[in-house]
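As stored in my_file-v2.cif (mmCIF, C-alpha atoms):
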data_run
loop_
_atom_site.label_atom_id
_atom_site.label_comp_id
_atom_site.auth_asym_id
_atom_site.auth_seq_id
_atom_site.Cartn_x
_atom_site.Cartn_y
_atom_site.Cartn_z
CA MET S 1 0.00 0.00 0.00
CA ASP S 2 1.23 3.46 -0.89
CA PHE S 3 0.70 5.23 2.45
CA LYS S 4 1.68 8.70 1.29
CA LYS S 5 -0.61 8.54 -1.73
CA GLY S 6 -3.39 7.12 0.42
CA ILE S 7 -3.08 9.80 3.09
CA GLU S 8 -3.16 12.52 0.45
CA HIS S 9 -6.30 10.99 -1.07
CA LEU S 10 -8.04 10.83 2.33
CA ARG S 11 -7.01 14.37 3.19
CA LYS S 12 -8.48 15.74 -0.04
CA SER S 13 -11.65 13.63 -0.01
CA ASP S 14 -12.79 14.15 3.60
CA ASN S 15 -12.34 17.38 5.56
CA LYS S 16 -13.13 15.73 8.90
CA LEU S 17 -10.66 12.94 8.32
CA ALA S 18 -8.09 15.51 7.18
CA LYS S 19 -8.18 17.03 10.68
CA ILE S 20 -7.53 13.60 12.23
CA ILE S 21 -4.65 13.00 9.83
CA GLU S 22 -3.04 16.24 11.00
CA GLU S 23 -3.51 15.34 14.66
CA TYR S 24 -2.30 11.73 14.71
CA PRO S 25 0.94 10.09 13.55
CA GLU S 26 1.05 8.23 10.27
CA PRO S 27 -0.18 4.66 10.85
CA LYS S 28 1.85 1.64 9.87
CA ILE S 29 1.09 -1.94 8.91
CA SER S 30 3.23 -4.53 7.16
CA LYS S 31 2.62 -7.83 5.43
CA THR S 32 3.55 -11.13 7.03
CA LYS S 33 4.17 -14.56 5.59
CA PHE S 34 3.09 -16.32 8.79
CA HIS S 35 -0.54 -16.60 7.78
CA PHE S 36 -1.59 -19.46 10.07
CA GLN S 37 -0.14 -17.71 13.08
CA SER S 38 -1.95 -14.51 12.11
CA LEU S 39 -5.30 -16.24 11.77
CA VAL S 40 -4.94 -17.87 15.18
CA ARG S 41 -4.29 -14.44 16.64
CA ASN S 42 -7.38 -13.08 14.89
CA ILE S 43 -9.51 -15.86 16.37
CA ILE S 44 -8.18 -15.08 19.85
CA TYR S 45 -9.11 -11.41 19.36
CA GLN S 46 -12.72 -12.16 18.36
CA GLN S 47 -15.30 -10.33 20.50
CA LEU S 48 -12.75 -9.23 23.12
CA SER S 49 -11.41 -5.85 24.12
CA THR S 50 -8.00 -5.08 22.67
CA LYS S 51 -6.44 -5.18 26.14
CA SER S 52 -7.90 -8.58 27.10
CA ALA S 53 -7.12 -10.15 23.74
CA PHE S 54 -3.56 -8.83 23.81
CA ALA S 55 -2.97 -10.41 27.24
CA ILE S 56 -4.41 -13.79 26.23
CA HIS S 57 -2.47 -13.81 22.98
CA ASN S 58 0.77 -13.11 24.85
CA ARG S 59 0.09 -16.04 27.19
CA PHE S 60 -0.72 -18.19 24.16
CA LYS S 61 2.64 -17.41 22.52
CA LYS S 62 4.48 -18.36 25.71
CA LEU S 63 3.14 -21.92 25.41
CA PHE S 64 5.50 -22.51 22.49
CA SER S 65 9.29 -22.74 22.38
CA SER S 66 9.50 -21.04 18.98
CA SER S 67 8.25 -17.60 17.99
CA ILE S 68 6.92 -19.20 14.80
CA ILE S 69 3.83 -21.25 15.63
CA ASN S 70 2.71 -23.93 13.21
CA PRO S 71 -0.39 -26.20 13.15
CA LYS S 72 1.44 -29.22 14.61
CA ASP S 73 2.54 -27.14 17.59
CA VAL S 74 -1.04 -26.03 18.24
CA ILE S 75 -2.45 -29.53 17.96
CA SER S 76 0.13 -30.81 20.46
CA ILE S 77 -0.97 -28.38 23.20
CA SER S 78 -3.55 -29.81 25.62
CA ILE S 79 -7.00 -28.28 25.93
CA ASN S 80 -6.35 -27.73 29.65
CA ASN S 81 -3.28 -25.64 28.90
CA LEU S 82 -5.26 -23.55 26.43
CA ARG S 83 -8.08 -23.11 28.93
CA GLU S 84 -5.63 -21.99 31.62
CA ILE S 85 -4.47 -19.02 29.56
CA GLY S 86 -8.02 -17.73 29.22
CA LEU S 87 -9.25 -19.21 25.94
CA SER S 88 -12.87 -20.33 25.79
CA ARG S 89 -13.72 -23.88 24.72
CA GLN S 90 -15.31 -22.47 21.58
CA LYS S 91 -12.17 -20.61 20.53
CA ILE S 92 -10.00 -23.61 21.33
CA ASN S 93 -12.22 -25.62 19.02
CA TYR S 94 -11.94 -23.02 16.26
CA ILE S 95 -8.15 -22.86 16.57
CA GLN S 96 -7.81 -26.64 16.48
CA ILE S 97 -10.09 -26.92 13.44
CA LEU S 98 -7.97 -24.32 11.64
CA ALA S 99 -4.80 -26.22 12.58
CA TYR S 100 -6.13 -29.46 11.09
CA GLU S 101 -7.42 -27.78 7.92
CA TRP S 102 -4.46 -25.47 7.39
CA PRO S 103 -2.33 -27.75 5.15
CA ALA S 104 -5.10 -27.79 2.53
CA ILE S 105 -5.74 -24.06 2.87
CA LYS S 106 -2.03 -23.29 2.62
CA LYS S 107 -1.88 -25.00 -0.77
CA LYS S 108 -4.73 -22.85 -2.06
CA PHE S 109 -2.95 -19.76 -0.74
CA ALA S 110 0.39 -20.66 -2.35
CA ASP S 111 0.10 -17.59 -4.58
CA ILE S 112 -2.04 -15.50 -2.23
CA ASP S 113 -0.91 -12.17 -3.68
CA SER S 114 -2.69 -13.06 -6.91
CA LEU S 115 -6.01 -13.66 -5.11
CA ASP S 116 -8.46 -10.83 -4.54
CA ASP S 117 -10.00 -10.07 -1.15
CA THR S 118 -13.28 -11.80 -1.97
CA ALA S 119 -11.59 -15.05 -3.02
CA ILE S 120 -9.49 -15.12 0.14
CA GLY S 121 -12.52 -14.46 2.32
CA LYS S 122 -14.60 -17.11 0.59
CA GLU S 123 -11.91 -19.73 1.24
CA LEU S 124 -11.32 -18.77 4.86
CA MET S 125 -15.00 -18.62 5.79
CA LYS S 126 -15.33 -22.30 4.94
CA VAL S 127 -13.51 -22.89 8.23
CA LYS S 128 -15.73 -23.03 11.31
CA GLY S 129 -15.13 -20.01 13.53
CA ILE S 130 -13.90 -17.69 10.79
CA GLY S 131 -16.34 -14.99 9.77
CA GLN S 132 -16.12 -11.68 7.95
CA TRP S 133 -14.51 -9.82 10.86
CA THR S 134 -11.67 -12.36 11.11
CA VAL S 135 -11.19 -12.22 7.35
CA ASP S 136 -11.07 -8.43 7.43
CA MET S 137 -8.42 -8.44 10.17
CA PHE S 138 -6.36 -10.91 8.16
CA LEU S 139 -6.64 -8.81 5.01
CA ILE S 140 -5.60 -5.66 6.87
CA PHE S 141 -2.97 -6.74 9.36
CA SER S 142 -1.47 -9.76 7.60
CA LEU S 143 -1.78 -8.91 3.91
CA ALA S 144 -1.90 -5.10 4.15
CA ARG S 145 -4.69 -4.93 1.59
CA PRO S 146 -5.52 -1.26 0.93
CA ASP S 147 -9.31 -1.16 0.66
CA VAL S 148 -10.81 -3.17 3.52
CA PHE S 149 -13.65 -1.73 5.61
CA PRO S 150 -14.69 -3.92 8.59
CA THR S 151 -18.16 -2.55 9.29
CA GLY S 152 -18.71 -5.28 11.89
CA ASP S 153 -15.90 -4.00 14.11
CA LEU S 154 -17.26 -2.14 17.14
CA VAL S 155 -14.27 0.20 17.42
CA ILE S 156 -14.61 1.13 13.74
CA GLN S 157 -18.31 1.87 14.35
CA LYS S 158 -17.42 4.04 17.34
CA GLY S 159 -14.66 5.77 15.39
CA TYR S 160 -16.99 6.48 12.48
CA ALA S 161 -19.61 7.89 14.87
CA LYS S 162 -17.02 10.08 16.59
CA LEU S 163 -15.59 11.33 13.29
CA TYR S 164 -19.00 12.54 12.13
CA ASN S 165 -20.35 13.58 15.57
CA MET S 166 -23.14 10.98 15.52
CA LYS S 167 -25.22 10.32 18.63
CA ASN S 168 -25.76 6.64 17.79
CA LEU S 169 -23.60 3.99 16.18
CA PRO S 170 -23.97 3.97 12.39
CA LYS S 171 -25.64 1.18 10.47
CA LYS S 172 -23.65 -0.93 8.02
CA ASP S 173 -25.27 0.55 4.90
CA GLU S 174 -24.66 4.05 6.20
CA MET S 175 -20.98 3.28 6.79
CA LEU S 176 -20.53 1.69 3.37
CA LYS S 177 -22.14 4.67 1.65
CA GLY S 178 -20.16 7.20 3.65
CA SER S 179 -16.87 5.40 3.05
CA GLN S 180 -17.11 5.51 -0.73
CA LYS S 181 -15.11 8.74 -0.81
CA TRP S 182 -12.24 6.96 0.98
CA LYS S 183 -11.85 4.29 -1.70
CA PRO S 184 -9.45 2.77 -2.61
CA TYR S 185 -7.80 3.47 0.77
CA ARG S 186 -10.46 2.48 3.29
CA THR S 187 -7.94 0.36 5.21
CA LEU S 188 -5.91 3.48 5.90
CA ALA S 189 -9.02 5.37 7.03
CA CYS S 190 -9.80 2.51 9.43
CA LEU S 191 -6.35 2.73 10.97
CA TYR S 192 -7.16 6.31 11.89
CA LEU S 193 -10.59 5.34 13.25
CA TRP S 194 -8.98 2.72 15.49
CA GLU S 195 -6.45 5.29 16.61
CA ILE S 196 -9.01 7.89 17.74
CA ILE S 197 -10.88 5.33 19.86
CA ASP S 198 -8.30 2.85 21.13
CA GLY S 199 -5.13 4.88 20.75
CA PRO S 200 -1.88 3.24 19.67
CA PHE S 201 -1.83 -0.51 20.08
CA GLU S 202 0.26 -3.45 18.97
CA TRP S 203 -1.61 -5.93 16.80
#

Would you mind giving the structure from this file in structure tokens?
Amino acid sequence: MDFKKGIEHLRKSDNKLAKIIEEYPEPKISKTKFHFQSLVRNIIYQQLSTKSAFAIHNRFKKLFSSSIINPKDVISISINNLREIGLSRQKINYIQILAYEWPAIKKKFADIDSLDDTAIGKELMKVKGIGQWTVDMFLIFSLARPDVFPTGDLVIQKGYAKLYNMKNLPKKDEMLKGSQKWKPYRTLACLYLWEIIDGPFEW
């Protein structure tokens, strides 16, 4: 993603966002090749506050001897150990299912850069426990795709409402319509929305 070009586009297309851009530091994201590890992290973060999810994910990483976590490592960890770090039985189930199915998914993602966002999402959502929010987080924070807009993310909803001085949280259709002027850099706009609600955080 061309951050400088994207920021300039957002600044020119949205006066309210332009003020945020001036106030906050330039956001940063980078691609990763550790896709399985990223998806596990995304599952852990589902429906949790950033602070709680960050703590559980840190405890999860400490269960492994290597910083690179693969499906075999995950499968070898007992359910009790996973429960002890704060994971629910449902999330443990989702993570284990992903671990078992990952070899087949990995083959389909061998040339992932050639796949569009929709194709990637369609493949991932075949896995139990992976929905649109998890796909969106993967597209943004693992693949650094430039035009992702996770309307189902509560912080994004709050950020959108704050940006436009709304009394209530916006509806999905309203957000999609209002974000058209940000295209094709909606990911970048979202990084600013996260920033104004949650502040700086490590994903």

Practice prompt. Give the answer as one residue: which of S:Ile21, S:Ala144, S:Tyr160, S:Asp153 has the shortest atom-to-atom distance to Gly131 (chain S), using only C-alpha atoms?
Written response: S:Asp153

Write out as a tab-separated table a residue-level contact list of region 39-145 of chain S versus region 187-198 of chain S with cut-off 12 Å: for each qualifying residue the closest pair of atoms and the distance in Å to one decimal, counting all atoms listed in the file, rows sorted by chain and residue number upward.
residue	atom	partner	partner_atom	distance
S:Ser49	CA	S:Asp198	CA	9.7
S:Thr50	CA	S:Asp198	CA	8.1
S:Lys51	CA	S:Asp198	CA	9.6
S:Asp136	CA	S:Thr187	CA	9.6
S:Met137	CA	S:Thr187	CA	10.1
S:Phe138	CA	S:Thr187	CA	11.8
S:Leu139	CA	S:Thr187	CA	9.3
S:Ile140	CA	S:Thr187	CA	6.7
S:Phe141	CA	S:Thr187	CA	9.6
S:Leu143	CA	S:Thr187	CA	11.2
S:Ala144	CA	S:Thr187	CA	8.2
S:Arg145	CA	S:Thr187	CA	7.2

Only C-alpha atoms, please: the residues just picked out, written as a short mmCIF file (atom, residue, chain, number, x, y, z; two decimals), keeping the file's coordinate frame.
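As written to disk, out18.cif reads:
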data_model
loop_
_atom_site.label_atom_id
_atom_site.label_comp_id
_atom_site.auth_asym_id
_atom_site.auth_seq_id
_atom_site.Cartn_x
_atom_site.Cartn_y
_atom_site.Cartn_z
CA SER S 49 -11.41 -5.85 24.12
CA THR S 50 -8.00 -5.08 22.67
CA LYS S 51 -6.44 -5.18 26.14
CA ASP S 136 -11.07 -8.43 7.43
CA MET S 137 -8.42 -8.44 10.17
CA PHE S 138 -6.36 -10.91 8.16
CA LEU S 139 -6.64 -8.81 5.01
CA ILE S 140 -5.60 -5.66 6.87
CA PHE S 141 -2.97 -6.74 9.36
CA LEU S 143 -1.78 -8.91 3.91
CA ALA S 144 -1.90 -5.10 4.15
CA ARG S 145 -4.69 -4.93 1.59
#

Discussion item. Quick one: residues within 8 Å of Leu17 (chain S), only C-alpha atoms, excluding same-chain residues fewer than 6 positions away - as a list of chain:residue names?
Written reply: S:Leu10, S:Arg11, S:Leu163, S:Ala189

Worksheet item: Within 12 Å of Asp173 (chain S), counting all atoms listed in the file, which residues qualify if same-chain residues fewer than 5 places away don't, as number ranges by chain?
Response: S: 149, 151-152, 157, 178-180

Discussion item. Env of Leu169 (chain S): 9 Å cut, atoms = only C-alpha atoms, seq-sep filter 3 positions within chain, self excluded. Answer as a PyMOL selection string.
Written reply: chain S and resi 154+157-158+160-162+166

Dump as an mmCIF file, in the coordinates of the input, selection limited to C-alpha atoms:
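Output saved as result19.cif:
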data_model
loop_
_atom_site.group_PDB
_atom_site.id
_atom_site.type_symbol
_atom_site.label_atom_id
_atom_site.label_comp_id
_atom_site.auth_asym_id
_atom_site.auth_seq_id
_atom_site.Cartn_x
_atom_site.Cartn_y
_atom_site.Cartn_z
ATOM 1 C CA LEU S 154 -17.260 -2.140 17.140
ATOM 2 C CA GLN S 157 -18.310 1.870 14.350
ATOM 3 C CA LYS S 158 -17.420 4.040 17.340
ATOM 4 C CA TYR S 160 -16.990 6.480 12.480
ATOM 5 C CA ALA S 161 -19.610 7.890 14.870
ATOM 6 C CA LYS S 162 -17.020 10.080 16.590
ATOM 7 C CA MET S 166 -23.140 10.980 15.520
#

Discussion item. When you look at Gly129 (chain S) with a cut-off of 9 Å (counting all atoms listed in the file), what residues show up, excluding the ones that are within fewer than 6 positions of it in the same chain? I need them as a PyMOL selection string.
Written reply: chain S and resi 43+90-91+93-95+97-98

Practice prompt. Determine, counting only C-alpha atoms, which protein, DNA and RNA residues have an atom within 9 Å of an atom of region 54-64 of chain S; residues of the same chain fewer than 2 positions away are not included. Present the result as a ChimeraX atom specification.
Written response: /S:41,44-45,49-52,66-69,73-74,77,81-82,85-87,202-203

Worksheet item: Please, what distance in Å, to one decimal, runs between CA of Val127 (chain S) and CA of Lys33 (chain S)?
Response: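 Answer for the CA of Val127 (chain S) to CA of Lys33 (chain S) separation: 19.7 Å.
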
Any chance you could resolve the PyMOL selection byres ((chain S and resi 9) around 12) against this file and give the residues as an mmCIF file with C-alpha atoms, in the frame of the given file?
data_model
loop_
_atom_site.group_PDB
_atom_site.id
_atom_site.type_symbol
_atom_site.label_atom_id
_atom_site.label_comp_id
_atom_site.auth_asym_id
_atom_site.auth_seq_id
_atom_site.Cartn_x
_atom_site.Cartn_y
_atom_site.Cartn_z
ATOM 1 C CA ASP S 2 1.230 3.460 -0.890
ATOM 2 C CA PHE S 3 0.700 5.230 2.450
ATOM 3 C CA LYS S 4 1.680 8.700 1.290
ATOM 4 C CA LYS S 5 -0.610 8.540 -1.730
ATOM 5 C CA GLY S 6 -3.390 7.120 0.420
ATOM 6 C CA ILE S 7 -3.080 9.800 3.090
ATOM 7 C CA GLU S 8 -3.160 12.520 0.450
ATOM 8 C CA LEU S 10 -8.040 10.830 2.330
ATOM 9 C CA ARG S 11 -7.010 14.370 3.190
ATOM 10 C CA LYS S 12 -8.480 15.740 -0.040
ATOM 11 C CA SER S 13 -11.650 13.630 -0.010
ATOM 12 C CA ASP S 14 -12.790 14.150 3.600
ATOM 13 C CA ASN S 15 -12.340 17.380 5.560
ATOM 14 C CA LEU S 17 -10.660 12.940 8.320
ATOM 15 C CA ALA S 18 -8.090 15.510 7.180
ATOM 16 C CA ILE S 21 -4.650 13.000 9.830
ATOM 17 C CA LYS S 181 -15.110 8.740 -0.810
ATOM 18 C CA TRP S 182 -12.240 6.960 0.980
ATOM 19 C CA LYS S 183 -11.850 4.290 -1.700
ATOM 20 C CA PRO S 184 -9.450 2.770 -2.610
ATOM 21 C CA TYR S 185 -7.800 3.470 0.770
ATOM 22 C CA ARG S 186 -10.460 2.480 3.290
ATOM 23 C CA LEU S 188 -5.910 3.480 5.900
ATOM 24 C CA ALA S 189 -9.020 5.370 7.030
#

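Rounded to one decimal, CA of Pro146 (chain S) and CA of Trp133 (chain S) lie 15.9 Å from each other.
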
Worksheet item: So how many Å separate CA of Thr118 (chain S) and CA of Pro170 (chain S), to one decimal?
Response: 23.9 Å
